[in-house]
Amino acid sequence: TATLRYVAHAAAKRLTSNAQDDTRVNCIYVELSRYRRPPGFSALDSVLVLLGEMFQSWQACDRLPALSALRELLANRIFLLLLDGLNEVAAEHRASCLQGIRDLADRYPDQRIILTTRPNRLPSLPNWRTVTIQPLDQKRIVEFLARYTESHVADNLYDLASRTGATLLQVPLFLRMVAELYRAQPPTTADFLNSRSGLVARYVRHLLATGAGGNPDPLAHAKIGLFLRALAERAQQSGLSLELEGIQEMLVQSLDAVDRSAALAAAIDRGVIVVDGRYARFSHHTLQEHFFAAQVVARIDTDSGQEFHNLVQLRSYDDALAHVPAHLSDERLPGVIRSVIPINVGLCLKWADDFVAENRLPSCVDH
């Protein structure tokens, strides 16, 4: 997403400097997590609906444009289409979404399209150029810290990164999390810097611990957490972005309408949830995965773990289930690991990396 924003910014600068150039190209940023396949719609038409929603959101039109108007626009004008987050599309719709993008490229070959996804979700796209975003090197880490943190924080963090060899800090998202944590309260231990699930969990606790006024709020760890777990489960099933109206009506055990509204407002206030028009979503997919894993762990004992093991077998949930270690107590770790090793050893290896980083490695994993 950050890369696409950079591309859009660079394109906007060219537009401004070439205002009289008829060949200039406008950017359209599209959140693929909003992709749905309405009954009777082709995969291509479903992608066109997303483009239409973007035009409406930007007030380029006062209503959702007709498909015929969108087809004519694409046939007669060239755009740079920034299609963000194929991996964030609901698993059941992902193949359809990809087919719609392929059809879009075939039907309108003059259109310029950039599609982003996580590397482990990279589909086969013949004739497309693949570009991999490289991890930050030492020079870029220093530049990042100097730009976004105070000098003493930057110096301490860089020293910490050098001593621990924390590869997570090569990713801007996690580097920003650590910078925010360090600015709020310097950590007494660095073990979480090599634990993806541990770092995200600590960052979430930081976000929920205080409101906009900086005062502790006991609602954060109870009702807000319960609400966000249920919201993450819904979003994981249907895509990252959810309609606000549906969220307001969402049933959450032990939360009434007043509690739901208060929890949503608090989550927005703390930066966990962002609102865009009539949609709401987690501020980053990683936060959604964290709360989804929490919901899954909370239900392990309700059906002898059957739902949990079904998700483990699907493999499409591995990215989200990689956050399970943050929600398991040391007492529960061995039993859960023994049950998962026979059906998804790759996921267990991800967990083991975090266990090692946090000095929580159970003897059954060591063996």
# chains A, B, ... in the order shown; residues from 1 in each chain; ligands from 1
>>> residues_around(residues="region 255-262 of chain A", least_positions_apart="6", cutoff="10 Å", atoms="only C-alpha atoms", output="number ranges by chain")
A: 219, 223-224, 226-228, 247-249, 268
>>> write_last_selection(atoms="N, CA and C atoms", output="compact mmCIF listing (two decimals), in the first residue's frame")
# COMPACT_ATOMS: atom_id res chain seq x y z
N LEU A 219 -12.09 -0.30 29.38
CA LEU A 219 -12.94 -0.85 28.33
C LEU A 219 -12.11 -1.49 27.22
N LYS A 223 -14.35 -5.04 26.33
CA LYS A 223 -15.38 -4.93 25.30
C LYS A 223 -14.80 -4.61 23.91
N ILE A 224 -13.80 -3.76 23.86
CA ILE A 224 -13.22 -3.44 22.55
C ILE A 224 -12.55 -4.69 21.96
N LEU A 226 -13.25 -7.82 22.56
CA LEU A 226 -14.30 -8.76 22.16
C LEU A 226 -14.90 -8.36 20.83
N PHE A 227 -15.16 -7.07 20.68
CA PHE A 227 -15.73 -6.56 19.44
C PHE A 227 -14.77 -6.75 18.27
N LEU A 228 -13.49 -6.44 18.47
CA LEU A 228 -12.51 -6.53 17.38
C LEU A 228 -12.27 -7.97 16.97
N ILE A 247 -21.55 -3.62 10.10
CA ILE A 247 -20.83 -3.68 11.38
C ILE A 247 -21.74 -3.27 12.53
N GLN A 248 -22.56 -2.25 12.30
CA GLN A 248 -23.45 -1.77 13.35
C GLN A 248 -24.46 -2.84 13.75
N GLU A 249 -24.82 -3.70 12.79
CA GLU A 249 -25.82 -4.73 13.05
C GLU A 249 -25.19 -6.06 13.47
N ILE A 268 -11.77 3.16 16.48
CA ILE A 268 -11.41 4.20 15.50
C ILE A 268 -10.52 5.25 16.17
>>> closest_atom_pairs(of="region 273-320 of chain A", to="region 192-206 of chain A", cutoff="10 Å", atoms="only C-alpha atoms", output="tab-separated table")
residue	atom	partner	partner_atom	distance
A:Thr286	CA	A:Val200	CA	7.8
A:Leu287	CA	A:Val200	CA	7.3
A:Glu289	CA	A:Ser197	CA	9.8
A:His290	CA	A:Ala201	CA	7.2
A:Phe291	CA	A:Ala201	CA	9.3
A:Ala320	CA	A:Ser197	CA	9.8
>>> write_last_selection(atoms="N, CA and C atoms", output="PDB file, in the first residue's frame")
ATOM      1  N   THR A 286      -2.458  -6.941   9.010  1.00  0.00           N
ATOM      2  CA  THR A 286      -1.786  -7.672  10.087  1.00  0.00           C
ATOM      3  C   THR A 286      -2.555  -7.570  11.397  1.00  0.00           C
ATOM      4  N   LEU A 287      -3.156  -6.410  11.674  1.00  0.00           N
ATOM      5  CA  LEU A 287      -3.956  -6.259  12.894  1.00  0.00           C
ATOM      6  C   LEU A 287      -5.209  -7.125  12.817  1.00  0.00           C
ATOM      7  N   GLU A 289      -5.450  -9.939  11.237  1.00  0.00           N
ATOM      8  CA  GLU A 289      -5.007 -11.322  11.445  1.00  0.00           C
ATOM      9  C   GLU A 289      -4.752 -11.600  12.925  1.00  0.00           C
ATOM     10  N   HIS A 290      -4.209 -10.621  13.632  1.00  0.00           N
ATOM     11  CA  HIS A 290      -3.963 -10.780  15.072  1.00  0.00           C
ATOM     12  C   HIS A 290      -5.270 -11.060  15.812  1.00  0.00           C
ATOM     13  N   PHE A 291      -6.291 -10.270  15.552  1.00  0.00           N
ATOM     14  CA  PHE A 291      -7.555 -10.441  16.269  1.00  0.00           C
ATOM     15  C   PHE A 291      -8.311 -11.686  15.791  1.00  0.00           C
ATOM     16  N   ALA A 320      -2.752 -15.707   8.949  1.00  0.00           N
ATOM     17  CA  ALA A 320      -3.465 -15.257  10.146  1.00  0.00           C
ATOM     18  C   ALA A 320      -3.144 -16.151  11.343  1.00  0.00           C
TER      19      ALA A 320
END
>>> closest_residue(among="A:Leu175, A:Cys61, A:Leu242, A:Ile101", to="Arg278 (chain A)", atoms="only C-alpha atoms")
A:Leu242
>>> residues_around(residues="Asn127 (chain A)", least_positions_apart="3", cutoff="12 Å", atoms="only C-alpha atoms", output="PyMOL selection string")
chain A and resi 102+105-106+109+124+130
>>> write_last_selection(atoms="C-alpha atoms", output="JSON list (two decimals), in the first residue's frame")
[["chain", "number", "residue", "atom", "x", "y", "z"],
["A", 102, "ARG", "CA", -6.90, -10.93, -16.07],
["A", 105, "ALA", "CA", -6.07, -6.59, -18.84],
["A", 106, "ASP", "CA", -7.13, -8.65, -21.88],
["A", 109, "PRO", "CA", -4.77, -3.84, -23.20],
["A", 124, "SER", "CA", 0.73, -17.10, -11.90],
["A", 130, "THR", "CA", 6.97, -9.19, -11.30]]
>>> closest_residue(among="A:Arg71, A:Arg299, A:Arg118, A:Arg360", to="Ala326 (chain A)", atoms="only C-alpha atoms")
A:Arg360
>>> closest_residue(among="A:Asp103, A:Glu31, A:Glu53, A:Asp110", to="Glu88 (chain A)", atoms="only C-alpha atoms")
A:Glu31
>>> select_by_dssp(residues="region 83-145 of chain A", states="strand (DSSP E or B)", output="PyMOL selection string")
chain A and resi 83-84+112-115
